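The next block is work.txt, given as compact mmCIF, C-alpha atoms and all ligand atoms.
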```txt
# COMPACT_ATOMS: atom_id res chain seq x y z
CA MET A 1 -20.16 57.27 -42.10
CA THR A 2 -21.97 60.41 -43.33
CA GLN A 3 -24.66 61.95 -41.12
CA CYS A 4 -27.60 63.32 -43.13
CA THR A 5 -30.06 65.97 -41.90
CA GLU A 6 -33.45 66.30 -43.58
CA LEU A 7 -36.62 68.33 -43.01
CA TRP A 8 -39.77 66.28 -43.54
CA VAL A 9 -43.23 67.82 -43.97
CA ASP A 10 -46.53 66.19 -43.04
CA ARG A 11 -48.28 65.71 -46.39
CA LYS A 12 -51.71 66.28 -44.83
CA GLN A 13 -50.84 69.19 -42.49
CA LEU A 14 -48.17 71.20 -44.26
CA ARG A 15 -47.31 73.32 -41.20
CA LYS A 16 -46.19 70.22 -39.29
CA THR A 17 -42.51 69.35 -39.80
CA ARG A 18 -39.99 66.87 -38.44
CA ILE A 19 -36.20 67.09 -38.40
CA VAL A 20 -34.68 63.71 -39.27
CA LYS A 21 -31.00 62.92 -38.71
CA ALA A 22 -29.59 59.56 -39.78
CA ALA A 23 -26.32 57.90 -40.76
CA LEU A 24 -26.28 57.02 -44.45
CA PRO A 25 -25.54 53.40 -45.44
CA PRO A 26 -22.54 52.66 -47.70
CA LEU A 27 -23.13 53.41 -51.38
CA ALA A 28 -24.31 50.62 -53.70
CA GLU A 29 -22.74 50.05 -57.12
CA GLY A 30 -23.56 52.92 -59.51
CA GLU A 31 -24.59 55.39 -56.76
CA VAL A 32 -23.10 58.79 -55.89
CA LEU A 33 -23.40 60.69 -52.60
CA VAL A 34 -23.85 64.45 -52.89
CA ALA A 35 -23.54 67.19 -50.26
CA ILE A 36 -26.21 69.83 -50.91
CA ASP A 37 -24.63 73.11 -49.82
CA GLN A 38 -27.41 75.45 -50.99
CA PHE A 39 -30.97 75.50 -52.18
CA GLY A 40 -33.61 78.16 -52.82
CA LEU A 41 -37.01 78.34 -51.14
CA THR A 42 -40.08 80.08 -52.63
CA ALA A 43 -43.86 79.66 -52.92
CA ASN A 44 -43.14 77.25 -55.77
CA ASN A 45 -41.90 74.74 -53.19
CA VAL A 46 -45.17 75.19 -51.30
CA SER A 47 -46.97 74.34 -54.57
CA TYR A 48 -44.84 71.21 -54.91
CA ALA A 49 -46.18 70.16 -51.51
CA VAL A 50 -49.78 71.22 -52.23
CA SER A 51 -49.85 69.32 -55.55
CA GLY A 52 -47.45 66.62 -54.33
CA ASP A 53 -49.89 63.76 -54.75
CA ALA A 54 -51.59 65.02 -57.93
CA ILE A 55 -48.37 65.64 -59.89
CA GLY A 56 -46.03 63.28 -58.06
CA TYR A 57 -43.61 65.70 -56.38
CA TRP A 58 -43.60 63.64 -53.15
CA ALA A 59 -42.45 60.62 -55.12
CA TYR A 60 -38.99 61.93 -56.10
CA TYR A 61 -37.58 61.41 -52.60
CA PRO A 62 -40.07 59.23 -50.72
CA ALA A 63 -40.35 59.38 -46.91
CA GLU A 64 -42.23 57.24 -44.39
CA GLY A 65 -45.96 57.17 -43.60
CA ASP A 66 -47.68 60.55 -43.98
CA TRP A 67 -44.35 62.38 -44.17
CA GLY A 68 -42.93 63.82 -47.37
CA LYS A 69 -39.72 65.47 -48.59
CA VAL A 70 -40.44 68.73 -50.42
CA PRO A 71 -38.23 69.05 -53.51
CA VAL A 72 -36.08 72.15 -53.96
CA TRP A 73 -33.67 73.47 -56.59
CA GLY A 74 -30.12 73.40 -55.33
CA CYS A 75 -26.40 72.93 -55.91
CA ALA A 76 -24.35 70.03 -54.59
CA ASN A 77 -20.88 68.48 -54.70
CA VAL A 78 -20.30 64.79 -55.37
CA ILE A 79 -18.40 63.67 -52.24
CA GLU A 80 -18.39 59.89 -52.78
CA SER A 81 -18.81 57.99 -56.01
CA ASN A 82 -19.42 54.43 -57.12
CA CYS A 83 -20.06 55.66 -60.66
CA SER A 84 -16.90 56.10 -62.74
CA GLN A 85 -18.53 58.63 -65.10
CA VAL A 86 -19.47 61.02 -62.26
CA PRO A 87 -16.38 61.43 -60.07
CA VAL A 88 -15.88 63.03 -56.68
CA GLY A 89 -15.62 66.81 -57.15
CA ASP A 90 -18.38 67.09 -59.74
CA ARG A 91 -20.63 70.11 -59.15
CA LEU A 92 -24.36 69.60 -59.77
CA TRP A 93 -27.50 71.72 -60.09
CA GLY A 94 -30.89 70.06 -59.92
CA PHE A 95 -33.86 68.78 -57.94
CA PHE A 96 -33.00 67.74 -54.37
CA PRO A 97 -34.85 67.12 -51.10
CA MET A 98 -34.68 69.68 -48.25
CA ALA A 99 -31.62 67.87 -46.89
CA SER A 100 -27.88 68.07 -46.33
CA HIS A 101 -27.16 65.04 -48.54
CA ALA A 102 -28.79 62.84 -51.17
CA VAL A 103 -27.87 59.66 -53.04
CA LEU A 104 -28.35 59.62 -56.83
CA VAL A 105 -28.00 56.93 -59.49
CA PRO A 106 -26.53 58.62 -62.59
CA GLY A 107 -27.50 57.28 -66.01
CA LYS A 108 -27.37 58.57 -69.60
CA VAL A 109 -24.29 60.54 -68.47
CA ARG A 110 -23.12 63.33 -70.79
CA GLU A 111 -20.37 65.85 -70.21
CA ASP A 112 -22.92 68.50 -69.14
CA GLN A 113 -25.68 66.45 -67.48
CA PHE A 114 -27.04 63.09 -66.36
CA LEU A 115 -30.38 61.63 -65.34
CA ASP A 116 -31.13 60.01 -62.00
CA VAL A 117 -32.27 56.62 -63.29
CA ARG A 118 -33.40 55.18 -59.95
CA GLU A 119 -36.29 52.82 -60.72
CA HIS A 120 -39.05 54.73 -58.88
CA ARG A 121 -38.19 58.02 -60.68
CA LYS A 122 -38.56 56.63 -64.20
CA VAL A 123 -42.35 57.14 -64.20
CA LEU A 124 -42.14 60.74 -62.92
CA PRO A 125 -42.00 63.91 -65.11
CA ALA A 126 -38.55 63.58 -66.70
CA LEU A 127 -37.63 67.29 -66.51
CA TYR A 128 -36.96 66.90 -62.78
CA ASN A 129 -34.70 63.85 -63.19
CA GLY A 130 -31.96 65.84 -64.97
CA TYR A 131 -28.85 67.09 -63.12
CA ARG A 132 -26.61 69.68 -64.75
CA ARG A 133 -22.85 69.05 -64.34
CA THR A 134 -22.08 72.72 -64.02
CA ARG A 135 -18.29 72.64 -64.48
CA ALA A 136 -19.00 71.98 -68.18
CA GLU A 137 -21.05 75.18 -68.44
CA PRO A 138 -20.06 78.75 -69.37
CA GLU A 139 -18.31 80.66 -66.59
CA PHE A 140 -21.02 83.31 -66.32
CA LEU A 141 -23.52 80.56 -65.41
CA GLN A 142 -21.15 79.01 -62.87
CA ALA A 143 -20.93 82.42 -61.21
CA MET A 144 -24.74 82.60 -60.79
CA GLU A 145 -25.40 79.69 -58.43
CA VAL A 146 -27.64 81.62 -56.03
CA GLU A 147 -29.72 83.01 -58.90
CA ARG A 148 -29.92 79.52 -60.38
CA CYS A 149 -31.34 78.04 -57.18
CA LEU A 150 -33.62 80.93 -56.32
CA LEU A 151 -34.73 82.48 -59.60
CA PHE A 152 -33.95 80.41 -62.69
CA PRO A 153 -36.55 77.62 -62.20
CA LEU A 154 -39.19 80.36 -61.91
CA PHE A 155 -37.90 82.72 -64.58
CA ALA A 156 -37.56 79.74 -66.95
CA THR A 157 -41.30 79.21 -66.46
CA SER A 158 -41.87 82.95 -66.98
CA TRP A 159 -40.05 82.65 -70.30
CA LEU A 160 -42.08 79.59 -71.33
CA ILE A 161 -45.32 81.50 -70.63
CA TYR A 162 -43.95 84.51 -72.54
CA ASP A 163 -43.10 82.14 -75.41
CA TYR A 164 -46.55 80.50 -75.22
CA LEU A 165 -48.24 83.92 -75.50
CA VAL A 166 -46.03 85.07 -78.38
CA ASP A 167 -46.40 81.68 -80.11
CA ASN A 168 -50.19 82.12 -80.01
CA ALA A 169 -50.16 85.81 -81.01
CA PHE A 170 -51.52 86.53 -77.52
CA PHE A 171 -54.80 84.89 -78.63
CA GLY A 172 -55.67 88.36 -79.98
CA ALA A 173 -55.34 89.98 -76.54
CA GLN A 174 -54.37 93.64 -76.22
CA GLN A 175 -53.54 93.34 -72.55
CA VAL A 176 -51.97 90.65 -70.37
CA LEU A 177 -53.26 90.29 -66.80
CA VAL A 178 -50.80 88.75 -64.34
CA GLY A 179 -52.18 87.37 -61.07
CA SER A 180 -49.84 87.47 -58.02
CA VAL A 181 -47.41 89.60 -60.00
CA SER A 182 -45.04 90.07 -57.03
CA SER A 183 -44.10 86.37 -57.30
CA LYS A 184 -40.85 85.64 -59.10
CA THR A 185 -42.71 83.73 -61.81
CA GLY A 186 -45.14 86.66 -62.10
CA PHE A 187 -42.73 89.58 -62.27
CA GLY A 188 -40.33 87.48 -64.40
CA LEU A 189 -43.10 87.23 -67.01
CA ALA A 190 -43.97 90.92 -66.73
CA CYS A 191 -40.27 91.87 -67.18
CA MET A 192 -39.84 89.61 -70.23
CA LEU A 193 -42.94 91.06 -71.89
CA HIS A 194 -41.86 94.59 -70.96
CA ASN A 195 -38.31 94.07 -72.29
CA ASP A 196 -39.49 92.83 -75.70
CA PRO A 197 -39.98 95.86 -78.00
CA GLY A 198 -42.17 93.69 -80.24
CA VAL A 199 -44.77 93.26 -77.50
CA THR A 200 -47.39 96.00 -77.71
CA GLN A 201 -49.84 94.53 -75.19
CA ARG A 202 -50.39 96.43 -71.94
CA ILE A 203 -49.19 94.56 -68.87
CA ILE A 204 -51.46 94.71 -65.83
CA GLY A 205 -50.25 93.11 -62.61
CA PHE A 206 -52.46 92.15 -59.64
CA THR A 207 -51.01 91.96 -56.16
CA SER A 208 -51.73 92.61 -52.49
CA ALA A 209 -51.51 96.13 -51.07
CA ALA A 210 -48.35 95.20 -49.13
CA ASN A 211 -46.49 94.19 -52.32
CA ALA A 212 -47.68 96.89 -54.73
CA ALA A 213 -44.72 99.23 -54.10
CA PHE A 214 -42.24 96.42 -54.80
CA VAL A 215 -43.89 95.67 -58.15
CA LYS A 216 -44.15 99.36 -59.10
CA GLY A 217 -40.43 99.71 -58.31
CA LEU A 218 -39.58 97.00 -60.84
CA GLY A 219 -41.10 99.16 -63.58
CA CYS A 220 -42.34 96.17 -65.61
CA CYS A 221 -46.12 96.76 -65.45
CA ASP A 222 -48.15 99.44 -67.21
CA GLU A 223 -50.62 99.21 -64.34
CA VAL A 224 -50.46 97.63 -60.87
CA VAL A 225 -53.87 96.78 -59.39
CA VAL A 226 -54.40 95.84 -55.76
CA TYR A 227 -56.64 92.84 -55.05
CA GLY A 228 -60.25 93.95 -54.69
CA GLU A 229 -59.85 96.80 -57.20
CA GLU A 230 -60.12 94.66 -60.34
CA ALA A 231 -63.08 96.74 -61.60
CA THR A 232 -60.68 99.64 -62.37
CA ILE A 233 -59.19 97.86 -65.43
CA ASP A 234 -60.46 98.38 -68.97
CA SER A 235 -62.77 95.39 -69.50
CA LYS A 236 -63.63 96.30 -73.10
CA VAL A 237 -60.41 95.04 -74.67
CA PRO A 238 -59.46 91.41 -75.34
CA SER A 239 -57.30 90.17 -72.45
CA ALA A 240 -55.12 87.14 -71.64
CA TYR A 241 -54.96 86.15 -67.98
CA VAL A 242 -51.91 84.39 -66.53
CA ASP A 243 -52.57 83.44 -62.94
CA MET A 244 -49.86 82.67 -60.41
CA SER A 245 -52.21 83.14 -57.42
CA GLY A 246 -54.73 80.32 -57.82
CA ASP A 247 -57.14 82.53 -55.87
CA ALA A 248 -60.68 81.51 -56.90
CA ARG A 249 -62.09 84.92 -55.95
CA LEU A 250 -59.70 86.76 -58.30
CA THR A 251 -60.34 84.37 -61.19
CA ILE A 252 -64.11 84.69 -60.83
CA ALA A 253 -63.86 88.50 -60.53
CA LEU A 254 -61.76 88.88 -63.70
CA HIS A 255 -63.74 86.42 -65.83
CA THR A 256 -67.03 88.02 -64.75
CA LEU A 257 -65.69 91.51 -65.49
CA LEU A 258 -64.25 90.66 -68.90
CA GLY A 259 -66.79 88.11 -70.14
CA GLU A 260 -66.02 87.14 -73.75
CA ASN A 261 -63.07 89.57 -73.73
CA MET A 262 -61.20 86.99 -71.62
CA VAL A 263 -59.56 85.33 -74.62
CA ASP A 264 -57.14 83.08 -72.74
CA SER A 265 -56.86 82.04 -69.12
CA ALA A 266 -53.76 80.13 -68.01
CA MET A 267 -53.57 78.65 -64.50
CA VAL A 268 -49.88 78.59 -63.61
CA GLY A 269 -49.67 78.56 -59.84
CA ALA A 270 -51.35 78.80 -56.48
CA THR A 271 -49.40 81.16 -54.23
CA HIS A 272 -52.77 81.71 -52.46
CA TRP A 273 -52.83 77.99 -51.74
CA GLU A 274 -55.51 78.25 -49.05
CA GLU A 275 -57.82 80.38 -51.25
CA ARG A 276 -58.12 77.83 -54.04
CA GLY A 277 -61.60 76.55 -54.76
CA ASP A 278 -64.17 75.66 -57.34
CA THR A 279 -64.76 78.60 -59.67
CA GLY A 280 -67.77 76.95 -61.35
CA ALA A 281 -68.54 77.73 -65.01
CA LEU A 282 -67.00 81.06 -66.01
CA PRO A 283 -67.62 83.44 -68.93
CA GLY A 284 -64.83 83.75 -71.51
CA ALA A 285 -61.97 81.33 -72.25
CA ARG A 286 -61.93 78.21 -70.11
CA PRO A 287 -59.11 78.34 -67.51
CA THR A 288 -56.47 75.80 -68.54
CA PHE A 289 -53.59 74.45 -66.47
CA PHE A 290 -50.20 75.64 -67.80
CA PHE A 291 -47.60 72.92 -67.32
CA ALA A 292 -44.15 74.26 -68.25
CA PRO A 293 -42.70 70.86 -69.34
CA ALA A 294 -45.44 70.61 -72.00
CA GLN A 295 -44.30 73.89 -73.66
CA VAL A 296 -40.67 72.64 -73.48
CA ALA A 297 -41.70 69.42 -75.24
CA LYS A 298 -43.55 71.39 -77.96
CA ARG A 299 -40.53 73.62 -78.64
CA ASP A 300 -38.08 70.69 -78.46
CA GLY A 301 -40.10 69.11 -81.28
CA GLU A 302 -40.04 72.33 -83.35
CA TRP A 303 -36.57 73.73 -82.58
CA GLY A 304 -34.60 70.65 -81.50
CA PRO A 305 -33.90 69.28 -78.00
CA GLY A 306 -32.59 71.79 -75.48
CA VAL A 307 -33.00 74.95 -77.59
CA ALA A 308 -36.00 76.31 -75.67
CA MET A 309 -34.33 75.69 -72.30
CA MET A 310 -31.16 77.49 -73.45
CA LYS A 311 -33.29 80.49 -74.49
CA ALA A 312 -35.09 80.31 -71.14
CA MET A 313 -31.72 80.26 -69.31
CA ALA A 314 -30.46 83.29 -71.23
CA ALA A 315 -33.66 85.25 -70.51
CA SER A 316 -33.50 84.18 -66.84
CA ALA A 317 -29.92 85.39 -66.52
CA ASP A 318 -30.91 88.71 -68.09
CA VAL A 319 -33.84 89.34 -65.72
CA ALA A 320 -31.88 88.05 -62.70
CA THR A 321 -29.15 90.61 -63.41
CA LYS A 322 -31.70 93.42 -63.77
CA VAL A 323 -33.56 92.67 -60.50
CA ARG A 324 -30.46 91.95 -58.40
CA SER A 325 -30.66 95.28 -56.56
CA ASP A 326 -34.41 94.85 -55.82
CA MET A 327 -33.90 91.70 -53.74
CA ARG A 328 -31.83 90.80 -50.69
CA VAL A 329 -30.56 87.24 -50.33
CA GLU A 330 -31.07 85.85 -46.83
CA TRP A 331 -29.26 82.66 -45.72
CA ILE A 332 -30.97 80.11 -43.47
CA HIS A 333 -28.63 77.65 -41.78
CA GLY A 334 -29.87 74.51 -40.06
CA ALA A 335 -33.09 72.50 -39.98
CA GLY A 336 -34.59 74.33 -36.97
CA ASP A 337 -34.50 77.70 -38.74
CA LEU A 338 -35.69 76.08 -41.97
CA SER A 339 -38.76 74.60 -40.24
CA ARG A 340 -39.64 78.08 -38.89
CA ILE A 341 -39.17 79.80 -42.26
CA TRP A 342 -41.19 77.04 -44.00
CA VAL A 343 -44.21 77.93 -41.83
CA GLU A 344 -43.65 81.66 -42.51
CA LEU A 345 -43.68 80.89 -46.24
CA LEU A 346 -46.95 78.96 -45.86
CA ASP A 347 -48.38 81.91 -43.92
CA ASN A 348 -47.42 84.58 -46.49
CA GLN A 349 -44.92 86.20 -44.12
CA ILE A 350 -42.08 86.48 -46.66
CA ALA A 351 -41.83 89.83 -48.46
CA PRO A 352 -40.98 89.57 -52.17
CA THR A 353 -37.73 91.48 -51.52
CA ARG A 354 -36.44 88.54 -49.44
CA GLY A 355 -34.68 85.79 -51.39
CA LEU A 356 -34.44 82.71 -49.18
CA MET A 357 -31.37 80.50 -49.57
CA VAL A 358 -30.88 77.49 -47.30
CA SER A 359 -28.07 75.16 -46.27
CA LEU A 360 -28.50 72.14 -43.98
CA LEU A 361 -24.86 71.11 -44.24
N1 LIG B 1 -47.04 75.48 -63.68
C1 LIG B 1 -45.72 75.55 -63.63
O1 LIG B 1 -45.03 74.90 -64.40
C2 LIG B 1 -45.05 76.47 -62.63
C3 LIG B 1 -43.67 76.72 -62.69
C4 LIG B 1 -43.09 77.64 -61.79
C5 LIG B 1 -43.88 78.27 -60.83
N2 LIG B 1 -45.21 77.98 -60.77
C6 LIG B 1 -46.06 78.57 -59.74
O2 LIG B 1 -46.02 79.98 -59.71
C7 LIG B 1 -46.34 80.42 -58.38
C8 LIG B 1 -45.31 81.46 -57.96
O3 LIG B 1 -44.14 80.82 -57.51
P1 LIG B 1 -42.83 81.67 -57.07
O4 LIG B 1 -41.88 80.68 -56.52
O5 LIG B 1 -42.47 82.55 -58.20
O6 LIG B 1 -43.45 82.52 -55.86
P2 LIG B 1 -42.75 83.58 -54.87
O7 LIG B 1 -41.78 84.44 -55.58
O8 LIG B 1 -42.31 82.91 -53.63
O9 LIG B 1 -44.11 84.41 -54.59
C9 LIG B 1 -44.24 85.26 -53.54
C10 LIG B 1 -45.60 85.95 -53.66
O10 LIG B 1 -46.68 85.01 -53.63
C11 LIG B 1 -47.77 85.54 -52.86
N3 LIG B 1 -47.85 84.65 -51.69
C12 LIG B 1 -46.85 83.92 -51.16
N4 LIG B 1 -47.28 83.14 -50.15
C13 LIG B 1 -48.59 83.38 -50.05
C14 LIG B 1 -49.60 82.86 -49.19
N5 LIG B 1 -49.33 81.95 -48.25
N6 LIG B 1 -50.85 83.34 -49.33
C15 LIG B 1 -51.12 84.26 -50.29
N7 LIG B 1 -50.18 84.75 -51.15
C16 LIG B 1 -48.94 84.33 -51.03
C17 LIG B 1 -47.41 86.97 -52.59
O11 LIG B 1 -47.74 87.68 -53.78
P3 LIG B 1 -49.03 88.64 -54.08
O12 LIG B 1 -49.20 89.51 -52.90
O13 LIG B 1 -48.60 89.37 -55.33
O14 LIG B 1 -50.18 87.69 -54.34
C18 LIG B 1 -45.89 86.89 -52.52
O15 LIG B 1 -45.25 88.12 -52.76
C19 LIG B 1 -46.31 79.19 -57.49
O16 LIG B 1 -47.63 78.76 -57.18
C20 LIG B 1 -45.59 78.18 -58.35
O17 LIG B 1 -45.92 76.85 -58.05
C21 LIG B 1 -45.80 77.09 -61.64
```
Please lay out the structure from this file as C-alpha cells.
Ligand SMILES: NC(=O)c1ccc[n+]([C@@H]2O[C@H](COP(=O)([O-])OP(=O)(O)OC[C@H]3O[C@@H](n4cnc5c(N)ncnc54)[C@H](OP(=O)(O)O)[C@@H]3O)[C@@H](O)[C@H]2O)c1
Amino acid sequence: MTQCTELWVDRKQLRKTRIVKAALPPLAEGEVLVAIDQFGLTANNVSYAVSGDAIGYWAYYPAEGDWGKVPVWGCANVIESNCSQVPVGDRLWGFFPMASHAVLVPGKVREDQFLDVREHRKVLPALYNGYRRTRAEPEFLQAMEVERCLLFPLFATSWLIYDYLVDNAFFGAQQVLVGSVSSKTGFGLACMLHNDPGVTQRIIGFTSAANAAFVKGLGCCDEVVVYGEEATIDSKVPSAYVDMSGDARLTIALHTLLGENMVDSAMVGATHWEERGDTGALPGARPTFFFAPAQVAKRDGEWGPGVAMMKAMAASADVATKVRSDMRVEWIHGAGDLSRIWVELLDNQIAPTRGLMVSLL
C-alpha cells in the first residue's frame, strides 16, 4: 500500500500548515496513481491560496474542514494504472497538490495529453485539468523539467500579457509600467517586450529596493524604479500598467500621477498579498483583472486550438534559457522543510535569485 505525504494549509490563516501522512486506498476502475517527484514553488502558489475560494483553486484537490491543498505545477510518474490508455511509466506535467502522490482519472486521452475528468473538477477552469504526457514531446522540452515547473506557467502568462498588449497596439501607450517586476511573471514580460525589436515602448519596472539590482542585472527594463519613487517617471506620455504586485498604494500612486495618460491598467497578480485593498475610483483607465485563460481562449478562436500555448511555450523556453545564470535552483526535500519555506514565501523572505523546487517523495 502506498504511503502519501501532503502539506495542507489553513484556508483562513495561510501561515498555519499541517503535514498529513496516509495510506492510499486501492485504485478504482479508470484511476491512475502518480508519484510527484518535483514541483515548483513561487508567489503564484500564494495567490492560488489567497484567491482559492474566489477562483476555485482549493477545489481541485479538496481537503477536510478549513484545510486546503495548494496547487502547484509539477512532474510525476504513473506508478499504478487502472486506465489502459495511460500506462505505468508515463511521465506527466501538470497541476498537482503539494504532495508526494495523487490519484487522477484520465479522460479524453490523446498521445500528448489527457484531462482529469473527475466529477468535481468538471466545473473548474479547464486549463488546469490538462496533463501533458511529456514523452510525446520534443526532446528539448523533456530536458527542461525544472524550468517547466518553476518558470513556464509564469512565463506563459508573461507571453499572454505581451500578446494582449501587442494585440491591442498597446492601447496607444508609449511606455509599459510593470509592477513587482522582480517576479518571474513580471521580468518574463519585461524580457519578452525587450526582446521584440518591433516594440518601441519604454519598459519601466517597479520593485523593492532589495530586488532592484537583480532586475537591473537582467537588462530588460529601460528604467527600474524603487517603490515610493514613482514620481520620477515621465507622467506626460500615455502608459499601460501591468501589475503583478496587487499593492493598492502603488496602483493609487501611478493612476493619480498619470491621470488620463493611464490608458490601460491590467491587474495580473498580488505578490503583495497583504497590501491589497480598495483603491476607490481612480483617474485613467479602469483597472481590469487579467485572466490568462481568457486570452488563450481568444487566440484559440482566432488561430486554432493550442497555437497560442505553443507560442507561449517557445517564448518561455527562450527566456528561461537566457535567465538561467541569474537564478539558482534550490531543492527542498520533505514536508517539514516545505512548511518552513511556505511561511518564508508568505513573508517575502525569498530573494528572486532563488528558484524553489520541492519533492515530498
Ligand atoms: N492572472 C494570471 O493569470 C496570473 C498568472 C501567473 C501569475 N500571476 C500572478 O503574478 C504574480 C507573480 O507571480 P510569480 O510566481 O511570478 O512571483 P515570484 O517570482 O515568486 O515573485 C517574487 C517577487 O514578488 C514580490 N513578493 C513576493 N512575496 C512577497 C510578499 N510576501 N510581500 C510582498 N512582495 C512579495 C517580490 O517582488 P518585488 O520586490 O519586485 O515586489 C519578489 O521578488 C503572482 O501574484 C501570481 O499569482 C497571475
Between atom CA of Ser183 of chain A and atom CA of Gly269 of chain A lies a distance of 9.9 Å
Give as a PyMOL selection string the residues surrounding ligand LIG 1 (chain B) up to a distance of 8 Å, considering all atoms listed in the file.
chain A and resi 41-48+151+153-158+179-186+206-212+244-246+267-275+289-293+345-352
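Here atom CA of Val166 of chain A stands at a distance of 17.3 Å from atom CA of Cys220 of chain A.
The closest residue to Gln175 of chain A, picked from A:Val242, A:Leu104, A:Leu150, A:Ala294 and counting all atoms listed in the file, is A:Val242.
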Best match for closeness to Asp318 of chain A among A:Asp112, A:Glu147, A:Asp37, A:Glu31, counting only C-alpha atoms:
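Under the stated criterion, the closest residue is A:Glu147.
Remark: for Gly205 of chain A, the closest of the candidate residues A:Tyr164, A:Tyr241, A:Trp58, A:Phe170 is A:Tyr241 (distances computed over only C-alpha atoms).
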Complete segment 319-334 of chain A at the level of N, CA and C atoms, written as a CSV table (one decimal), in the coordinates of the input.
```csv
chain,number,residue,atom,x,y,z
A,319,VAL,N,-32.9,88.8,-66.7
A,319,VAL,CA,-33.8,89.3,-65.7
A,319,VAL,C,-33.2,89.3,-64.3
A,320,ALA,N,-32.5,88.2,-64.0
A,320,ALA,CA,-31.9,88.0,-62.7
A,320,ALA,C,-30.9,89.2,-62.5
A,321,THR,N,-30.1,89.5,-63.5
A,321,THR,CA,-29.2,90.6,-63.4
A,321,THR,C,-29.9,91.9,-63.2
A,322,LYS,N,-31.0,92.1,-63.9
A,322,LYS,CA,-31.7,93.4,-63.8
A,322,LYS,C,-32.4,93.6,-62.4
A,323,VAL,N,-32.8,92.5,-61.8
A,323,VAL,CA,-33.6,92.7,-60.5
A,323,VAL,C,-32.7,92.5,-59.3
A,324,ARG,N,-31.4,92.3,-59.5
A,324,ARG,CA,-30.5,92.0,-58.4
A,324,ARG,C,-30.6,93.0,-57.3
A,325,SER,N,-30.7,94.3,-57.6
A,325,SER,CA,-30.7,95.3,-56.6
A,325,SER,C,-32.0,95.4,-55.9
A,326,ASP,N,-33.1,94.7,-56.4
A,326,ASP,CA,-34.4,94.8,-55.8
A,326,ASP,C,-34.6,93.8,-54.8
A,327,MET,N,-33.7,92.8,-54.7
A,327,MET,CA,-33.9,91.7,-53.7
A,327,MET,C,-32.7,91.5,-52.8
A,328,ARG,N,-32.9,91.0,-51.6
A,328,ARG,CA,-31.8,90.8,-50.7
A,328,ARG,C,-31.8,89.3,-50.4
A,329,VAL,N,-30.7,88.7,-50.6
A,329,VAL,CA,-30.6,87.2,-50.3
A,329,VAL,C,-30.3,87.0,-48.8
A,330,GLU,N,-31.1,86.1,-48.3
A,330,GLU,CA,-31.1,85.8,-46.8
A,330,GLU,C,-30.7,84.4,-46.7
A,331,TRP,N,-29.7,84.1,-45.9
A,331,TRP,CA,-29.3,82.7,-45.7
A,331,TRP,C,-29.9,82.1,-44.5
A,332,ILE,N,-30.4,80.9,-44.6
A,332,ILE,CA,-31.0,80.1,-43.5
A,332,ILE,C,-30.1,78.9,-43.3
A,333,HIS,N,-29.5,78.8,-42.1
A,333,HIS,CA,-28.6,77.6,-41.8
A,333,HIS,C,-29.3,76.7,-40.7
A,334,GLY,N,-29.4,75.5,-41.0
A,334,GLY,CA,-29.9,74.5,-40.1
A,334,GLY,C,-31.3,74.2,-40.2
```
